[in-house]
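J.: File entry.cif below, mmCIF, C-alpha atoms, pLDDT in the B column; chains and numbers go by the auth columns:
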data_final
loop_
_atom_site.group_PDB
_atom_site.id
_atom_site.type_symbol
_atom_site.label_atom_id
_atom_site.label_comp_id
_atom_site.label_asym_id
_atom_site.label_seq_id
_atom_site.Cartn_x
_atom_site.Cartn_y
_atom_site.Cartn_z
_atom_site.B_iso_or_equiv
_atom_site.auth_seq_id
_atom_site.auth_asym_id
ATOM 1 C CA MET A 1 31.800 12.558 -3.419 37.00 5 G
ATOM 2 C CA ASP A 2 32.460 14.607 -0.333 37.00 6 G
ATOM 3 C CA GLY A 3 35.625 12.810 0.632 39.00 7 G
ATOM 4 C CA ASN A 4 39.087 13.801 -0.436 40.00 8 G
ATOM 5 C CA ARG A 5 38.430 13.174 -4.139 47.00 9 G
ATOM 6 C CA VAL A 6 35.605 12.995 -6.648 53.00 10 G
ATOM 7 C CA PRO A 7 35.861 9.859 -8.838 53.00 11 G
ATOM 8 C CA THR A 8 37.206 10.623 -12.311 55.00 12 G
ATOM 9 C CA GLY A 9 37.126 8.967 -15.713 58.00 13 G
ATOM 10 C CA ASN A 10 39.051 5.756 -16.275 61.00 14 G
ATOM 11 C CA HIS A 11 42.075 7.394 -17.880 87.00 15 G
ATOM 12 C CA VAL A 12 43.928 10.674 -18.128 93.00 16 G
ATOM 13 C CA VAL A 13 43.637 12.399 -21.510 95.00 17 G
ATOM 14 C CA THR A 14 46.917 13.951 -22.704 95.00 18 G
ATOM 15 C CA PHE A 15 47.362 16.991 -24.928 95.00 19 G
ATOM 16 C CA SER A 16 50.723 18.267 -26.121 93.00 20 G
ATOM 17 C CA PRO A 17 51.148 22.062 -26.241 94.00 21 G
ATOM 18 C CA PRO A 18 50.538 24.254 -28.078 96.00 22 G
ATOM 19 C CA VAL A 19 46.848 23.557 -27.572 97.00 23 G
ATOM 20 C CA THR A 20 43.638 25.585 -27.509 98.00 24 G
ATOM 21 C CA LEU A 21 40.621 24.062 -25.788 98.00 25 G
ATOM 22 C CA GLY A 22 37.023 25.266 -25.840 98.00 26 G
ATOM 23 C CA VAL A 23 35.351 25.321 -22.433 98.00 27 G
ATOM 24 C CA ILE A 24 31.587 25.333 -21.945 98.00 28 G
ATOM 25 C CA ALA A 25 29.122 24.493 -19.167 97.00 29 G
ATOM 26 C CA ASP A 26 25.450 24.584 -18.218 94.00 30 G
ATOM 27 C CA THR A 27 23.931 24.468 -21.687 95.00 31 G
ATOM 28 C CA HIS A 28 20.564 23.246 -20.291 91.00 32 G
ATOM 29 C CA VAL A 29 19.179 22.530 -23.757 92.00 33 G
ATOM 30 C CA HIS A 30 15.475 21.658 -23.734 87.00 34 G
ATOM 31 C CA ASP A 31 15.127 21.729 -19.957 83.00 35 G
ATOM 32 C CA ARG A 32 15.700 25.480 -19.605 75.00 36 G
ATOM 33 C CA TYR A 33 16.632 26.693 -23.102 85.00 37 G
ATOM 34 C CA HIS A 34 15.531 25.588 -26.560 86.00 38 G
ATOM 35 C CA ARG A 35 18.838 25.029 -28.366 90.00 39 G
ATOM 36 C CA LEU A 36 22.600 25.368 -28.248 94.00 40 G
ATOM 37 C CA PRO A 37 23.370 28.890 -29.509 92.00 41 G
ATOM 38 C CA LEU A 38 25.186 28.976 -32.823 94.00 42 G
ATOM 39 C CA ASP A 39 27.478 31.768 -31.629 95.00 43 G
ATOM 40 C CA ALA A 40 28.995 29.400 -29.063 96.00 44 G
ATOM 41 C CA LEU A 41 29.905 26.991 -31.843 97.00 45 G
ATOM 42 C CA GLN A 42 31.293 29.860 -33.925 97.00 46 G
ATOM 43 C CA VAL A 43 33.632 30.888 -31.105 97.00 47 G
ATOM 44 C CA PHE A 44 35.139 27.416 -30.990 98.00 48 G
ATOM 45 C CA ARG A 45 35.427 27.209 -34.773 98.00 49 G
ATOM 46 C CA ARG A 46 37.182 30.583 -34.991 98.00 50 G
ATOM 47 C CA ALA A 47 39.594 29.583 -32.238 98.00 51 G
ATOM 48 C CA GLN A 48 40.293 26.279 -34.027 98.00 52 G
ATOM 49 C CA VAL A 49 40.070 24.382 -30.750 98.00 53 G
ATOM 50 C CA GLN A 50 41.613 20.919 -30.562 97.00 54 G
ATOM 51 C CA ALA A 51 38.897 19.719 -28.161 98.00 55 G
ATOM 52 C CA ILE A 52 35.889 20.998 -26.230 98.00 56 G
ATOM 53 C CA LEU A 53 35.458 20.454 -22.484 98.00 57 G
ATOM 54 C CA HIS A 54 31.862 20.532 -21.175 98.00 58 G
ATOM 55 C CA ALA A 55 31.607 21.013 -17.402 97.00 59 G
ATOM 56 C CA GLY A 56 28.186 19.441 -16.958 93.00 60 G
ATOM 57 C CA ASP A 57 24.453 20.132 -17.180 93.00 61 G
ATOM 58 C CA VAL A 58 24.542 19.208 -20.846 95.00 62 G
ATOM 59 C CA THR A 59 20.944 17.936 -20.368 92.00 63 G
ATOM 60 C CA HIS A 60 20.480 16.647 -23.943 92.00 64 G
ATOM 61 C CA PRO A 61 22.708 14.387 -26.094 93.00 65 G
ATOM 62 C CA GLN A 62 22.084 16.684 -29.071 94.00 66 G
ATOM 63 C CA VAL A 63 24.446 19.230 -27.494 95.00 67 G
ATOM 64 C CA LEU A 64 27.329 16.777 -27.508 96.00 68 G
ATOM 65 C CA HIS A 65 26.646 15.853 -31.132 96.00 69 G
ATOM 66 C CA GLN A 66 26.660 19.512 -32.190 96.00 70 G
ATOM 67 C CA LEU A 67 29.876 20.256 -30.327 97.00 71 G
ATOM 68 C CA ALA A 68 31.500 17.130 -31.789 97.00 72 G
ATOM 69 C CA GLU A 69 31.013 18.585 -35.274 97.00 73 G
ATOM 70 C CA VAL A 70 33.587 21.219 -34.256 97.00 74 G
ATOM 71 C CA ALA A 71 36.082 19.146 -32.230 97.00 75 G
ATOM 72 C CA PRO A 72 36.268 16.069 -29.978 97.00 76 G
ATOM 73 C CA VAL A 73 34.187 16.559 -26.819 97.00 77 G
ATOM 74 C CA TYR A 74 34.901 15.582 -23.223 97.00 78 G
ATOM 75 C CA ALA A 75 31.954 16.072 -20.875 96.00 79 G
ATOM 76 C CA VAL A 76 31.183 15.346 -17.231 95.00 80 G
ATOM 77 C CA ARG A 77 27.918 14.714 -15.441 93.00 81 G
ATOM 78 C CA GLY A 78 25.956 17.620 -13.959 91.00 82 G
ATOM 79 C CA ASN A 79 23.020 17.561 -11.584 87.00 83 G
ATOM 80 C CA ARG A 80 20.543 17.960 -14.493 85.00 84 G
ATOM 81 C CA ASP A 81 21.958 15.305 -16.803 88.00 85 G
ATOM 82 C CA PHE A 82 19.114 12.824 -16.374 86.00 86 G
ATOM 83 C CA LEU A 83 18.913 11.868 -20.073 85.00 87 G
ATOM 84 C CA LEU A 84 22.615 11.052 -20.197 85.00 88 G
ATOM 85 C CA GLY A 85 22.530 8.949 -17.029 73.00 89 G
ATOM 86 C CA PHE A 86 25.854 7.345 -16.243 81.00 90 G
ATOM 87 C CA ARG A 87 27.256 7.770 -19.742 89.00 91 G
ATOM 88 C CA LEU A 88 29.200 10.760 -18.411 93.00 92 G
ATOM 89 C CA PRO A 89 31.803 10.467 -15.625 93.00 93 G
ATOM 90 C CA PRO A 90 31.599 12.659 -12.498 92.00 94 G
ATOM 91 C CA ALA A 91 34.982 14.142 -13.436 93.00 95 G
ATOM 92 C CA GLN A 92 37.695 13.821 -16.076 96.00 96 G
ATOM 93 C CA GLU A 93 41.430 14.471 -15.839 96.00 97 G
ATOM 94 C CA PHE A 94 43.786 15.848 -18.473 97.00 98 G
ATOM 95 C CA GLN A 95 47.540 16.269 -18.680 97.00 99 G
ATOM 96 C CA ILE A 96 48.437 19.319 -20.776 96.00 100 G
ATOM 97 C CA GLY A 97 52.171 19.882 -20.826 94.00 101 G
ATOM 98 C CA PRO A 98 53.173 20.415 -17.183 95.00 102 G
ATOM 99 C CA TYR A 99 49.587 20.958 -16.003 96.00 103 G
ATOM 100 C CA ARG A 100 47.102 18.495 -14.513 97.00 104 G
ATOM 101 C CA VAL A 101 43.618 19.776 -15.375 97.00 105 G
ATOM 102 C CA VAL A 102 40.382 18.418 -13.882 97.00 106 G
ATOM 103 C CA LEU A 103 36.926 18.894 -15.399 97.00 107 G
ATOM 104 C CA VAL A 104 33.970 18.631 -12.981 95.00 108 G
ATOM 105 C CA HIS A 105 30.503 20.140 -12.642 93.00 109 G
ATOM 106 C CA GLY A 106 30.837 21.142 -8.997 80.00 110 G
ATOM 107 C CA HIS A 107 27.565 20.007 -7.398 66.00 111 G
ATOM 108 C CA GLY A 108 29.144 17.079 -5.560 62.00 112 G
ATOM 109 C CA SER A 109 27.134 14.100 -4.410 61.00 113 G
ATOM 110 C CA PHE A 110 23.333 13.884 -4.556 61.00 114 G
ATOM 111 C CA TRP A 111 23.044 14.694 -0.841 56.00 115 G
ATOM 112 C CA ARG A 112 25.521 17.553 -1.112 65.00 116 G
ATOM 113 C CA TYR A 113 23.363 18.990 -3.870 61.00 117 G
ATOM 114 C CA VAL A 114 20.193 18.591 -1.763 59.00 118 G
ATOM 115 C CA VAL A 115 21.808 20.399 1.167 60.00 119 G
ATOM 116 C CA ASP A 116 22.951 23.222 -1.137 58.00 120 G
ATOM 117 C CA LYS A 117 19.455 23.521 -2.626 61.00 121 G
ATOM 118 C CA VAL A 118 17.829 23.723 0.818 64.00 122 G
ATOM 119 C CA ALA A 119 20.328 26.438 1.774 59.00 123 G
ATOM 120 C CA PHE A 120 19.476 28.307 -1.451 63.00 124 G
ATOM 121 C CA PHE A 121 15.762 28.379 -0.632 64.00 125 G
ATOM 122 C CA ALA A 122 16.650 29.488 2.894 66.00 126 G
ATOM 123 C CA GLY A 123 18.407 32.544 1.454 68.00 127 G
ATOM 124 C CA ARG A 124 21.975 31.234 1.560 69.00 128 G
ATOM 125 C CA PRO A 125 22.901 30.649 -2.114 67.00 129 G
ATOM 126 C CA LEU A 126 26.010 28.726 -3.025 68.00 130 G
ATOM 127 C CA THR A 127 29.004 31.003 -3.536 73.00 131 G
ATOM 128 C CA PHE A 128 31.903 30.511 -5.899 73.00 132 G
ATOM 129 C CA ARG A 129 34.256 30.661 -2.912 79.00 133 G
ATOM 130 C CA THR A 130 32.542 27.558 -1.534 78.00 134 G
ATOM 131 C CA LEU A 131 32.955 25.786 -4.864 78.00 135 G
ATOM 132 C CA GLU A 132 36.569 26.922 -5.036 84.00 136 G
ATOM 133 C CA ASN A 133 37.273 25.467 -1.594 83.00 137 G
ATOM 134 C CA ARG A 134 35.636 22.185 -2.584 82.00 138 G
ATOM 135 C CA ALA A 135 37.680 22.039 -5.773 83.00 139 G
ATOM 136 C CA HIS A 136 40.937 22.390 -3.879 87.00 140 G
ATOM 137 C CA THR A 137 39.819 19.743 -1.375 88.00 141 G
ATOM 138 C CA TRP A 138 38.566 17.251 -3.971 89.00 142 G
ATOM 139 C CA PHE A 139 41.523 17.645 -6.341 93.00 143 G
ATOM 140 C CA PRO A 140 44.616 18.636 -4.346 93.00 144 G
ATOM 141 C CA HIS A 141 46.848 17.419 -7.197 94.00 145 G
ATOM 142 C CA ALA A 142 45.237 19.625 -9.894 95.00 146 G
ATOM 143 C CA HIS A 143 46.843 22.789 -11.246 96.00 147 G
ATOM 144 C CA VAL A 144 43.539 23.794 -12.908 97.00 148 G
ATOM 145 C CA VAL A 145 39.982 22.804 -11.985 96.00 149 G
ATOM 146 C CA ILE A 146 37.294 23.641 -14.553 97.00 150 G
ATOM 147 C CA MET A 147 33.819 23.846 -13.009 94.00 151 G
ATOM 148 C CA GLY A 148 30.277 24.840 -13.941 93.00 152 G
ATOM 149 C CA HIS A 149 27.066 24.794 -11.878 89.00 153 G
ATOM 150 C CA THR A 150 26.771 28.501 -10.943 88.00 154 G
ATOM 151 C CA HIS A 151 26.389 29.846 -14.536 90.00 155 G
ATOM 152 C CA VAL A 152 28.725 32.712 -13.573 91.00 156 G
ATOM 153 C CA PRO A 153 32.039 33.239 -15.406 94.00 157 G
ATOM 154 C CA VAL A 154 34.800 33.310 -12.800 93.00 158 G
ATOM 155 C CA LEU A 155 38.566 32.797 -12.795 96.00 159 G
ATOM 156 C CA ARG A 156 40.417 32.598 -9.493 94.00 160 G
ATOM 157 C CA ARG A 157 44.027 31.791 -8.637 93.00 161 G
ATOM 158 C CA ARG A 158 45.080 30.688 -5.176 89.00 162 G
ATOM 159 C CA GLU A 159 48.519 29.476 -4.178 86.00 163 G
ATOM 160 C CA GLY A 160 49.440 28.854 -7.803 90.00 164 G
ATOM 161 C CA ARG A 161 46.306 26.850 -8.598 93.00 165 G
ATOM 162 C CA TRP A 162 43.418 27.945 -10.813 95.00 166 G
ATOM 163 C CA VAL A 163 39.651 27.445 -10.721 95.00 167 G
ATOM 164 C CA PHE A 164 37.906 28.371 -13.979 97.00 168 G
ATOM 165 C CA ASN A 165 34.146 28.591 -14.568 96.00 169 G
ATOM 166 C CA PRO A 166 33.253 29.469 -18.193 97.00 170 G
ATOM 167 C CA GLY A 167 29.723 30.588 -17.266 95.00 171 G
ATOM 168 C CA SER A 168 26.732 29.518 -19.354 95.00 172 G
ATOM 169 C CA PRO A 169 25.996 30.195 -23.046 95.00 173 G
ATOM 170 C CA THR A 170 22.237 29.986 -22.454 91.00 174 G
ATOM 171 C CA VAL A 171 20.934 30.526 -18.918 85.00 175 G
ATOM 172 C CA PRO A 172 21.799 33.377 -16.526 79.00 176 G
ATOM 173 C CA PRO A 173 22.254 32.647 -12.807 73.00 177 G
ATOM 174 C CA SER A 174 19.109 32.200 -10.743 62.00 178 G
ATOM 175 C CA LEU A 175 19.489 35.460 -8.850 54.00 179 G
ATOM 176 C CA THR A 176 20.131 37.896 -11.701 65.00 180 G
ATOM 177 C CA ASN A 177 19.741 38.449 -15.441 72.00 181 G
ATOM 178 C CA ARG A 178 22.724 40.781 -15.570 78.00 182 G
ATOM 179 C CA ILE A 179 25.355 38.086 -16.073 85.00 183 G
ATOM 180 C CA PRO A 180 26.202 37.746 -19.800 89.00 184 G
ATOM 181 C CA ARG A 181 26.201 34.548 -21.813 92.00 185 G
ATOM 182 C CA THR A 182 29.746 33.244 -22.075 96.00 186 G
ATOM 183 C CA VAL A 183 32.009 30.377 -23.076 97.00 187 G
ATOM 184 C CA GLY A 184 35.690 29.979 -22.335 98.00 188 G
ATOM 185 C CA LEU A 185 38.994 29.193 -24.003 98.00 189 G
ATOM 186 C CA LEU A 186 42.029 27.599 -22.398 98.00 190 G
ATOM 187 C CA TYR A 187 45.445 28.044 -24.004 98.00 191 G
ATOM 188 C CA VAL A 188 48.638 26.193 -23.174 97.00 192 G
ATOM 189 C CA ALA A 189 51.799 27.066 -25.103 95.00 193 G
ATOM 190 C CA PRO A 190 55.288 25.615 -24.651 88.00 194 G
ATOM 191 C CA PRO A 191 57.228 25.666 -22.445 84.00 195 G
ATOM 192 C CA GLY A 192 54.212 25.993 -20.140 83.00 196 G
ATOM 193 C CA ASP A 193 52.487 29.320 -20.678 93.00 197 G
ATOM 194 C CA LEU A 194 48.891 29.082 -19.467 96.00 198 G
ATOM 195 C CA ALA A 195 46.105 31.512 -20.369 97.00 199 G
ATOM 196 C CA PHE A 196 42.325 31.703 -19.986 98.00 200 G
ATOM 197 C CA GLU A 197 39.759 33.727 -21.917 98.00 201 G
ATOM 198 C CA PHE A 198 36.062 34.462 -21.474 97.00 202 G
ATOM 199 C CA VAL A 199 34.198 35.089 -24.721 97.00 203 G
ATOM 200 C CA LEU A 200 30.982 37.096 -24.456 95.00 204 G
ATOM 201 C CA LEU A 201 28.153 35.972 -26.697 93.00 205 G
ATOM 202 C CA GLY A 202 25.419 38.135 -28.185 80.00 206 G
ATOM 203 C CA GLU A 203 21.859 38.736 -26.974 65.00 207 G
ATOM 204 C CA ARG A 204 19.722 35.706 -26.285 57.00 208 G
ATOM 205 C CA ALA A 205 17.910 34.478 -29.396 51.00 209 G
#
Take the structure in the file and give it back as structure tokens.
T.:
Amino acid sequence: MDGNRVPTGNHVVTFSPPVTLGVIADTHVHDRYHRLPLDALQVFRRAQVQAILHAGDVTHPQVLHQLAEVAPVYAVRGNRDFLLGFRLPPAQEFQIGPYRVVLVHGHGSFWRYVVDKVAFFAGRPLTFRTLENRAHTWFPHAHVVIMGHTHVPVLRRREGRWVFNPGSPTVPPSLTNRIPRTVGLLYVAPPGDLAFEFVLLGERA
């Protein structure tokens, strides 16, 4: 996965604007947190999302079933998705109006993840800038890359291209408890207006 592209799902999913999509990542249900928070589901219900994009580390099929009660779910494989095995693709592409959107977790290949983990324990944690650079290298055709992995909500634009991390609704980043629980929303309106939103959730239950 460290070549020019990460393999994606078998087909491109198309949405016609206007569309509102829920964006979530790093739920870590049962491996690091006991359940999917209800307030995350409420955000997506209130926004009346047409679909929900999960950027990996689902960790339990129950999460996908709960999200599917709100809207159709598209999810990709994270480094902790052992129970889901190869049921989830490494990445998934979408065409939304004029925009090509890619959904990916961001950890790369198994060996890339091992190298990053060794660097973390050596005091050199993975930065979002590194993930951003990888996203632009892996998906040079994408207007928007949605990523997870760091549990930190971040939106960056570079040379007209976006990288969007919705953060985590359950687990703060490894180095701090100060990052809030969040999910994201992606809006596309005709003729091509694009907007992103972070939604802060309440205190951990």
J.: Using only C-alpha atoms, can you list as a list in words the residues within 8 Å of (36.4, 18.3, -8.1)?
T.: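 Those within range, by chain then number, are Arg9, Val10, Ala95, Val106, Leu107, Val108, His109, Gly110, Gly112, Arg138, Ala139, His140, Thr141, Trp142, Phe143, Val149 and Met151 of chain G.
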J.: Would you list the contacts of Arg39 (chain G) as a PyMOL selection string, taking every protein, DNA or RNA residue within 12 Å and counting only C-alpha atoms, but skipping same-chain residues closer than 5 positions in sequence?
T.: chain G and resi 31-34+44-45+62-68+70+173-175+208-209
J.: Store the residues of this selection in a file with C-alpha atoms, as a PDB file, in the coordinates of the input.
T.:
ATOM      1  CA  THR G  31      23.931  24.468 -21.687  1.00 95.00           C
ATOM      2  CA  HIS G  32      20.564  23.246 -20.291  1.00 91.00           C
ATOM      3  CA  VAL G  33      19.179  22.530 -23.757  1.00 92.00           C
ATOM      4  CA  HIS G  34      15.475  21.658 -23.734  1.00 87.00           C
ATOM      5  CA  ALA G  44      28.995  29.400 -29.063  1.00 96.00           C
ATOM      6  CA  LEU G  45      29.905  26.991 -31.843  1.00 97.00           C
ATOM      7  CA  VAL G  62      24.542  19.208 -20.846  1.00 95.00           C
ATOM      8  CA  THR G  63      20.944  17.936 -20.368  1.00 92.00           C
ATOM      9  CA  HIS G  64      20.480  16.647 -23.943  1.00 92.00           C
ATOM     10  CA  PRO G  65      22.708  14.387 -26.094  1.00 93.00           C
ATOM     11  CA  GLN G  66      22.084  16.684 -29.071  1.00 94.00           C
ATOM     12  CA  VAL G  67      24.446  19.230 -27.494  1.00 95.00           C
ATOM     13  CA  LEU G  68      27.329  16.777 -27.508  1.00 96.00           C
ATOM     14  CA  GLN G  70      26.660  19.512 -32.190  1.00 96.00           C
ATOM     15  CA  PRO G 173      25.996  30.195 -23.046  1.00 95.00           C
ATOM     16  CA  THR G 174      22.237  29.986 -22.454  1.00 91.00           C
ATOM     17  CA  VAL G 175      20.934  30.526 -18.918  1.00 85.00           C
ATOM     18  CA  ARG G 208      19.722  35.706 -26.285  1.00 57.00           C
ATOM     19  CA  ALA G 209      17.910  34.478 -29.396  1.00 51.00           C
TER      20      ALA G 209
END
J.: Can you translate the PyMOL selection byres ((chain G and resi 168) around 12) into the concrete residues it hits in this file, as an MDAnalysis selection string?
T.: chainID G and resid 27:29 57 59 105:110 132:133 135:136 139 147:162 165:167 169:171 187:190 199:202
J.: Closest to His15 (chain G) among G:Phe98, G:Pro176, G:Arg182, G:Phe48, using only C-alpha atoms?
T.: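 Among the listed residues, G:Phe98 lies closest to His15 (chain G).
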J.: Name all residues at most 7 Å from Leu205 (chain G) (count all atoms listed in the file; drop same-chain ones fewer than 2 positions away) and give them as a ChimeraX atom specification.
T.: /G:43,185-186,203,207
